[in-house]
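Shown below: protein-v3.cif, with mmCIF, C-alpha atoms.
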```cif
data_entry
#
loop_
_atom_site.label_atom_id
_atom_site.label_comp_id
_atom_site.auth_asym_id
_atom_site.auth_seq_id
_atom_site.Cartn_x
_atom_site.Cartn_y
_atom_site.Cartn_z
CA MET R 3 115.20 164.29 93.90
CA VAL R 4 114.27 167.03 96.36
CA ARG R 5 112.69 164.47 98.72
CA ARG R 6 115.83 162.29 98.52
CA ASN R 7 117.93 165.37 99.30
CA ARG R 8 115.91 165.97 102.47
CA ASP R 9 116.11 162.30 103.47
CA ILE R 10 119.89 162.34 103.20
CA GLY R 11 120.00 165.58 105.18
CA ARG R 12 117.86 164.11 107.96
CA GLY R 13 120.25 161.17 108.23
CA LEU R 14 123.15 163.58 108.61
CA ARG R 15 121.28 166.19 110.66
CA ASP R 16 124.11 166.89 113.09
CA ARG R 17 126.58 167.48 110.25
CA MET R 18 124.48 169.88 108.19
CA SER R 19 124.47 173.63 108.68
CA THR R 20 121.45 175.85 109.09
CA ASP R 21 122.20 177.19 105.60
CA PHE R 22 121.71 173.69 104.21
CA TRP R 23 118.35 173.35 105.96
CA ARG R 24 117.24 176.77 104.78
CA VAL R 25 117.87 175.74 101.16
CA ALA R 26 116.59 172.16 101.51
CA ASN R 27 113.30 173.20 103.09
CA ARG R 28 112.31 175.68 100.39
CA PRO R 29 109.08 174.63 98.66
CA VAL R 30 109.39 173.05 95.24
CA PRO R 31 108.37 175.66 92.65
CA GLY R 32 105.05 174.96 90.96
CA PHE R 33 104.42 175.46 87.26
CA ASP R 34 101.69 175.47 84.65
CA ALA R 35 102.42 172.74 82.09
CA ASP R 36 100.79 174.83 79.35
CA SER R 37 103.03 177.85 79.90
CA SER R 38 106.66 177.70 78.75
CA GLU R 39 107.43 180.77 80.86
CA SER R 40 106.06 179.06 83.97
CA ILE R 41 108.13 175.93 83.27
CA LEU R 42 111.26 178.03 82.67
CA ASN R 43 110.72 179.93 85.94
CA ALA R 44 110.28 176.65 87.84
CA ALA R 45 113.42 175.22 86.22
CA ASN R 46 115.38 178.36 87.13
CA GLY R 47 114.14 178.05 90.72
CA LEU R 48 115.37 174.47 90.90
CA ILE R 49 118.68 175.41 89.33
CA GLU R 50 119.07 178.12 91.95
CA ARG R 51 118.32 175.65 94.75
CA PHE R 52 120.72 172.98 93.54
CA SER R 53 123.39 175.58 92.82
CA ALA R 54 123.09 176.81 96.40
CA LEU R 55 123.55 173.27 97.68
CA GLY R 56 126.51 172.81 95.35
CA GLY R 57 128.00 176.06 96.62
CA LEU R 58 127.60 174.94 100.22
CA ALA R 59 129.40 171.70 99.38
CA ALA R 60 132.17 173.58 97.55
CA GLU R 61 132.67 175.97 100.47
CA ASN R 62 132.60 173.42 103.26
CA MET R 63 134.33 170.33 101.86
CA VAL R 64 138.01 169.57 102.14
CA ARG R 65 139.62 169.24 98.70
CA SER R 66 140.38 165.55 99.08
CA PRO R 67 139.90 162.70 96.59
CA SER R 68 136.27 162.50 97.77
CA TRP R 69 135.69 166.10 96.70
CA ARG R 70 137.26 165.41 93.31
CA PHE R 71 134.96 162.40 92.87
CA LEU R 72 131.94 164.57 93.72
CA ASP R 73 133.12 167.25 91.29
CA ILE R 74 133.57 164.74 88.45
CA GLY R 75 130.06 163.42 89.09
CA ARG R 76 128.63 166.92 89.07
CA ARG R 77 130.30 167.70 85.75
CA LEU R 78 129.10 164.43 84.20
CA GLU R 79 125.53 165.13 85.35
CA ARG R 80 125.68 168.60 83.84
CA ALA R 81 126.93 167.21 80.52
CA LEU R 82 124.25 164.48 80.43
CA ASN R 83 121.48 166.95 81.24
CA THR R 84 122.70 169.36 78.57
CA CYS R 85 122.62 166.51 76.02
CA ARG R 86 119.10 165.54 77.11
CA LEU R 87 117.92 169.13 76.83
CA ALA R 88 119.49 169.50 73.39
CA ARG R 89 117.79 166.27 72.25
CA GLN R 90 114.42 167.55 73.55
CA PHE R 91 114.56 171.12 72.33
CA ALA R 92 116.80 171.08 69.24
CA GLY R 93 115.29 168.31 67.12
CA ARG R 94 114.53 168.60 63.42
CA GLY R 95 111.23 170.38 63.99
CA ALA R 96 112.55 172.83 66.58
CA LEU R 97 110.99 176.27 66.59
CA ALA R 98 112.70 179.51 67.57
CA ASP R 99 110.94 179.37 70.95
CA ASP R 100 112.30 175.86 71.56
CA LEU R 101 115.83 176.96 70.78
CA GLY R 102 115.38 180.07 72.94
CA ALA R 103 114.27 177.91 75.88
CA LEU R 104 117.29 175.63 75.35
CA LEU R 105 119.62 178.63 75.31
CA ASP R 106 118.04 180.01 78.49
CA LEU R 107 118.35 176.66 80.27
CA CYS R 108 121.97 176.15 79.27
CA ASP R 109 122.98 179.71 80.13
CA SER R 110 121.35 179.35 83.54
CA GLN R 111 123.24 176.14 84.20
CA ILE R 112 126.54 177.76 83.29
CA ILE R 113 125.90 180.96 85.29
CA TYR R 114 124.79 179.21 88.46
#
```
Using the file provided, produce a representation of the structure as structure tokens.
Amino acid sequence: MVRRNRDIGRGLRDRMSTDFWRVANRPVPGFDADSSESILNAANGLIERFSALGGLAAENMVRSPSWRFLDIGRRLERALNTCRLARQFAGRGALADDLGALLDLCDSQIIY
């Protein structure tokens, strides 16, 4: 997804601000698959990145039907991802740590 983001940006290079390039060129956060804290930190880093890109779009787009379409898509993606996370972390055998990670992920998505 990050690579696709950069490819789109390169195609629209003259229309993108330096703020966009600063966010798009940040390295993808690494993580240790055996550490839930490492995964959570990487997820928070990605949420921060995509929130910054969303904020740039919100600040610089005219509120036309195109913007409304983009906003609907963003809200649908958020709802689908929240459902996927709930399915992964809140199953029948969910532990307190699993539910804590789900709460952290959902709170981060709402805050950012």
Practice problem: List, as a VMD selection string, every residue that the PyMOL selection byres ((chain R and resi 24-40) around 12) selects in the file provided. | Solution: chain R and resid 3 to 12 15 18 to 23 41 to 58 99 to 100 102 to 104 106 to 107
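Picture a line from atom CA of Asp73 of chain R to atom CA of Ala60 of chain R; it runs 9.0 Å.
Straight-line separation from atom CA of Cys108 of chain R to atom CA of Ala88 of chain R: 9.2 Å.
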Self-check item: Point-to-point distance from atom CA of Glu61 of chain R to atom CA of Arg76 of chain R, Å rounded to tenths
Solution: 15.1 Å
